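What follows is run_0.cif (mmCIF, C-alpha atoms).
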data_structure
loop_
_atom_site.group_PDB
_atom_site.id
_atom_site.type_symbol
_atom_site.label_atom_id
_atom_site.label_comp_id
_atom_site.auth_asym_id
_atom_site.auth_seq_id
_atom_site.Cartn_x
_atom_site.Cartn_y
_atom_site.Cartn_z
ATOM 1 C CA MET W 66 -7.022 -11.730 33.142
ATOM 2 C CA SER W 67 -5.204 -14.995 33.691
ATOM 3 C CA GLN W 68 -4.253 -16.195 37.147
ATOM 4 C CA THR W 69 -0.624 -15.518 36.256
ATOM 5 C CA ASP W 70 -1.199 -11.846 35.391
ATOM 6 C CA ILE W 71 -2.830 -10.848 38.654
ATOM 7 C CA ILE W 72 0.272 -10.233 40.798
ATOM 8 C CA SER W 73 1.983 -8.095 38.156
ATOM 9 C CA ARG W 74 -1.235 -6.093 37.760
ATOM 10 C CA TYR W 75 -1.542 -5.817 41.559
ATOM 11 C CA TYR W 76 1.914 -4.263 41.883
ATOM 12 C CA ASP W 77 1.421 -2.078 38.817
ATOM 13 C CA ALA W 78 -1.740 -0.641 40.389
ATOM 14 C CA PHE W 79 0.132 -0.083 43.674
ATOM 15 C CA ASN W 80 2.946 1.804 41.936
ATOM 16 C CA LYS W 81 0.419 3.974 40.052
ATOM 17 C CA GLY W 82 -1.507 4.725 43.256
ATOM 18 C CA ASP W 83 -4.586 3.192 41.609
ATOM 19 C CA MET W 84 -6.064 1.868 44.816
ATOM 20 C CA GLU W 85 -9.441 1.063 43.235
ATOM 21 C CA THR W 86 -7.795 -1.424 40.858
ATOM 22 C CA PHE W 87 -5.423 -2.598 43.602
ATOM 23 C CA TYR W 88 -8.312 -3.468 45.936
ATOM 24 C CA SER W 89 -10.425 -4.977 43.159
ATOM 25 C CA MET W 90 -7.960 -7.855 42.868
ATOM 26 C CA LEU W 91 -8.616 -8.997 46.424
ATOM 27 C CA ASP W 92 -11.097 -11.608 47.560
ATOM 28 C CA THR W 93 -13.655 -10.290 50.072
ATOM 29 C CA HIS W 94 -12.159 -12.581 52.736
ATOM 30 C CA VAL W 95 -8.502 -11.983 51.852
ATOM 31 C CA ILE W 96 -6.012 -13.069 54.507
ATOM 32 C CA HIS W 97 -3.240 -10.564 55.144
ATOM 33 C CA ASP W 98 -0.185 -11.667 57.117
ATOM 34 C CA ILE W 99 1.478 -8.427 58.145
ATOM 35 C CA ASN W 100 5.271 -8.406 58.221
ATOM 36 C CA GLN W 101 6.418 -9.470 61.695
ATOM 37 C CA GLY W 102 2.891 -8.837 62.916
ATOM 38 C CA LYS W 103 -0.585 -10.250 63.154
ATOM 39 C CA ARG W 104 -2.918 -11.822 60.626
ATOM 40 C CA GLU W 105 -5.917 -9.820 59.482
ATOM 41 C CA VAL W 106 -8.863 -11.182 57.509
ATOM 42 C CA GLY W 107 -11.121 -9.347 55.095
ATOM 43 C CA LYS W 108 -10.874 -6.698 52.408
ATOM 44 C CA THR W 109 -12.102 -3.996 54.806
ATOM 45 C CA ALA W 110 -9.243 -4.701 57.241
ATOM 46 C CA PHE W 111 -6.760 -4.664 54.357
ATOM 47 C CA ILE W 112 -8.066 -1.305 53.095
ATOM 48 C CA GLN W 113 -7.785 0.163 56.605
ATOM 49 C CA PHE W 114 -4.207 -1.149 56.844
ATOM 50 C CA MET W 115 -3.307 0.386 53.483
ATOM 51 C CA ASP W 116 -4.918 3.725 54.399
ATOM 52 C CA LYS W 117 -2.636 3.863 57.447
ATOM 53 C CA MET W 118 0.393 2.824 55.382
ATOM 54 C CA ASN W 119 -0.307 5.400 52.672
ATOM 55 C CA THR W 120 -0.508 8.120 55.333
ATOM 56 C CA SER W 121 2.869 7.242 56.884
ATOM 57 C CA TYR W 122 4.835 6.014 53.857
ATOM 58 C CA LYS W 123 5.240 6.826 50.172
ATOM 59 C CA GLU W 124 6.621 3.760 48.408
ATOM 60 C CA GLN W 125 7.462 2.573 44.910
ATOM 61 C CA LEU W 126 8.403 -0.995 44.088
ATOM 62 C CA ALA W 127 11.070 -1.848 41.522
ATOM 63 C CA ASP W 128 12.876 -4.861 40.096
ATOM 64 C CA ILE W 129 9.736 -6.953 40.684
ATOM 65 C CA VAL W 130 10.101 -10.646 39.905
ATOM 66 C CA VAL W 131 6.938 -12.778 40.131
ATOM 67 C CA MET W 132 6.908 -16.583 40.199
ATOM 68 C CA TYR W 133 3.857 -18.869 39.994
ATOM 69 C CA ASN W 134 3.233 -22.541 40.591
ATOM 70 C CA GLU W 135 2.025 -24.551 37.579
ATOM 71 C CA SER W 136 -1.657 -24.135 38.364
ATOM 72 C CA GLY W 137 -1.382 -20.392 39.078
ATOM 73 C CA THR W 138 -2.909 -20.779 42.541
ATOM 74 C CA ARG W 139 0.217 -19.683 44.392
ATOM 75 C CA ALA W 140 2.722 -16.966 43.664
ATOM 76 C CA ALA W 141 5.762 -15.316 45.166
ATOM 77 C CA ALA W 142 7.252 -11.931 44.399
ATOM 78 C CA GLU W 143 10.595 -10.371 45.190
ATOM 79 C CA PHE W 144 11.224 -6.658 44.788
ATOM 80 C CA LYS W 145 12.942 -3.536 46.094
ATOM 81 C CA VAL W 146 11.004 -0.957 48.086
ATOM 82 C CA TYR W 147 12.034 2.660 47.557
ATOM 83 C CA GLY W 148 10.297 4.673 50.237
ATOM 84 C CA THR W 149 9.934 7.900 52.149
ATOM 85 C CA TYR W 150 8.834 7.897 55.792
ATOM 86 C CA LEU W 151 6.227 10.687 55.934
ATOM 87 C CA LYS W 152 4.410 10.447 59.275
ATOM 88 C CA THR W 153 5.492 8.711 62.491
ATOM 89 C CA ASP W 154 4.000 5.232 62.757
ATOM 90 C CA GLU W 155 3.147 4.207 66.338
ATOM 91 C CA GLY W 156 6.009 2.423 68.099
ATOM 92 C CA LEU W 157 8.534 3.281 65.386
ATOM 93 C CA PRO W 158 11.166 6.029 65.086
ATOM 94 C CA GLU W 159 10.033 9.583 64.415
ATOM 95 C CA ALA W 160 9.376 10.417 60.776
ATOM 96 C CA ASN W 161 11.297 13.294 59.206
ATOM 97 C CA GLY W 162 10.980 12.482 55.518
ATOM 98 C CA GLN W 163 13.728 9.855 55.692
ATOM 99 C CA THR W 164 14.224 7.717 52.600
ATOM 100 C CA TYR W 165 14.896 3.994 52.612
ATOM 101 C CA LEU W 166 15.588 1.090 50.288
ATOM 102 C CA LEU W 167 14.586 -2.409 51.333
ATOM 103 C CA PRO W 168 14.574 -5.788 49.669
ATOM 104 C CA ALA W 169 11.174 -7.381 50.265
ATOM 105 C CA GLY W 170 9.047 -10.325 49.285
ATOM 106 C CA ALA W 171 5.486 -11.550 49.328
ATOM 107 C CA PHE W 172 3.631 -14.826 49.011
ATOM 108 C CA PHE W 173 0.152 -15.157 47.563
ATOM 109 C CA GLU W 174 -2.712 -17.587 47.191
ATOM 110 C CA ILE W 175 -5.038 -17.027 44.233
ATOM 111 C CA LYS W 176 -8.481 -18.476 43.561
ATOM 112 C CA ASP W 177 -10.981 -17.660 40.816
ATOM 113 C CA GLY W 178 -8.921 -14.670 39.675
ATOM 114 C CA LYS W 179 -8.765 -13.058 43.131
ATOM 115 C CA ILE W 180 -5.956 -12.837 45.686
ATOM 116 C CA THR W 181 -7.035 -14.792 48.764
ATOM 117 C CA ARG W 182 -3.833 -14.497 50.846
ATOM 118 C CA ILE W 183 -0.966 -12.026 51.025
ATOM 119 C CA THR W 184 2.047 -12.625 53.274
ATOM 120 C CA ASN W 185 4.603 -9.821 53.217
ATOM 121 C CA TYR W 186 8.187 -9.863 54.426
ATOM 122 C CA TYR W 187 10.949 -7.295 54.812
ATOM 123 C CA ASN W 188 13.705 -6.807 57.380
ATOM 124 C CA LEU W 189 12.206 -4.449 59.991
ATOM 125 C CA PRO W 190 15.475 -3.968 61.949
ATOM 126 C CA ASP W 191 17.176 -2.906 58.693
ATOM 127 C CA TRP W 192 14.379 -0.412 57.991
ATOM 128 C CA ILE W 193 14.669 1.007 61.544
ATOM 129 C CA GLN W 194 18.428 1.477 61.090
ATOM 130 C CA GLN W 195 17.841 3.329 57.844
ATOM 131 C CA VAL W 196 15.322 5.799 59.309
ATOM 132 C CA LYS W 197 16.940 6.418 62.719
#
Show me this structure written as structure tokens.
Amino acid sequence: MSQTDIISRYYDAFNKGDMETFYSMLDTHVIHDINQGKREVGKTAFIQFMDKMNTSYKEQLADIVVMYNESGTRAAAEFKVYGTYLKTDEGLPEANGQTYLLPAGAFFEIKDGKITRITNYYNLPDWIQQVK
């Protein structure tokens, strides 16, 4: 797998619910910058985050556009998130199966064929308005 295939494969695995493949693309010490939140470090922390997300949300990504720098060590992705809010997430509105559509983006660092940083962004106030 080339450096410039990894992000497309990462999102493909996410959309298929193939979490084993999804996690296999991460460096052991991956840095995860959570949207409008804190930074977590390590694959274990990322897996715990995703377990929580997959309990509260069912999401599919579409219209994914991935861009890389020349060396393939950095990437950015823009996409639409089609989701269903399944279980109330602490500090957020109550979940009742509401659906939402959000534009979102992510930035990546890649080294030796592994993702070493993920920074996600979406508009949280927009999401809250959609699920209220």
Exercise. Using only C-alpha atoms, which residue out of W:Leu157, W:Ile180, W:Gly107, W:Ile112 lies closest to W:Tyr75?
Worked result: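 Residue with the minimum atom-to-atom distance to W:Tyr75: W:Ile180.
Every residue within 7 Å of the file position (11.5, 10.0, 51.6), judged by only C-alpha atoms, is given as Gly148, Thr149, Tyr150, Leu151, Gly162, Gln163, Thr164 and Tyr165 of chain W.
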Exercise. Nearest to W:Ile129: which of W:Asp154, W:Asp116, W:Glu143, W:Glu105 is it, counting only C-alpha atoms?
Worked result: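 That would be W:Glu143, the residue with the smallest distance to W:Ile129.
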Problem set entry | Picked residues, the PyMOL selection byres ((chain W and resi 172) around 9), as an MDAnalysis selection string | chainID W and resid 139:142 170:171 173:174 182:186
For this session: Using atom CA of W:Thr181 and atom CA of W:Leu126 as the two end points, give the distance in Å to one decimal.
Result: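 Atom CA of W:Leu126 lies 21.2 Å from atom CA of W:Thr181.
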For this session: Work out how far apart atom CA of W:Asp77 and atom CA of W:Met115 are and give it in Å to one decimal.
Result: 15.6 Å
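Between W:His94 and the candidates W:Ile71, W:Val131, W:Ile175, W:Leu189, the tightest atom-to-atom separation, counting only C-alpha atoms, involves W:Ile175.
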For this session: Apply the PyMOL selection byres ((chain W and resi 137) around 10) to the displayed file and report the matching residues as a count of residues only.
Result: 17
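Distances to W:Gln125 were evaluated for W:Arg104, W:Lys81, W:His97, W:Lys197 using all atoms listed in the file, and the minimum falls at W:Lys81.
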Exercise. Between W:Phe111, W:Lys103, W:Asn80, W:Val146, which has the minimum distance to W:Trp192 (counting only C-alpha atoms)?
Worked result: W:Val146
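Across the model, the gap from atom CA of W:Lys152 to atom CA of W:Ala127 is 22.6 Å.
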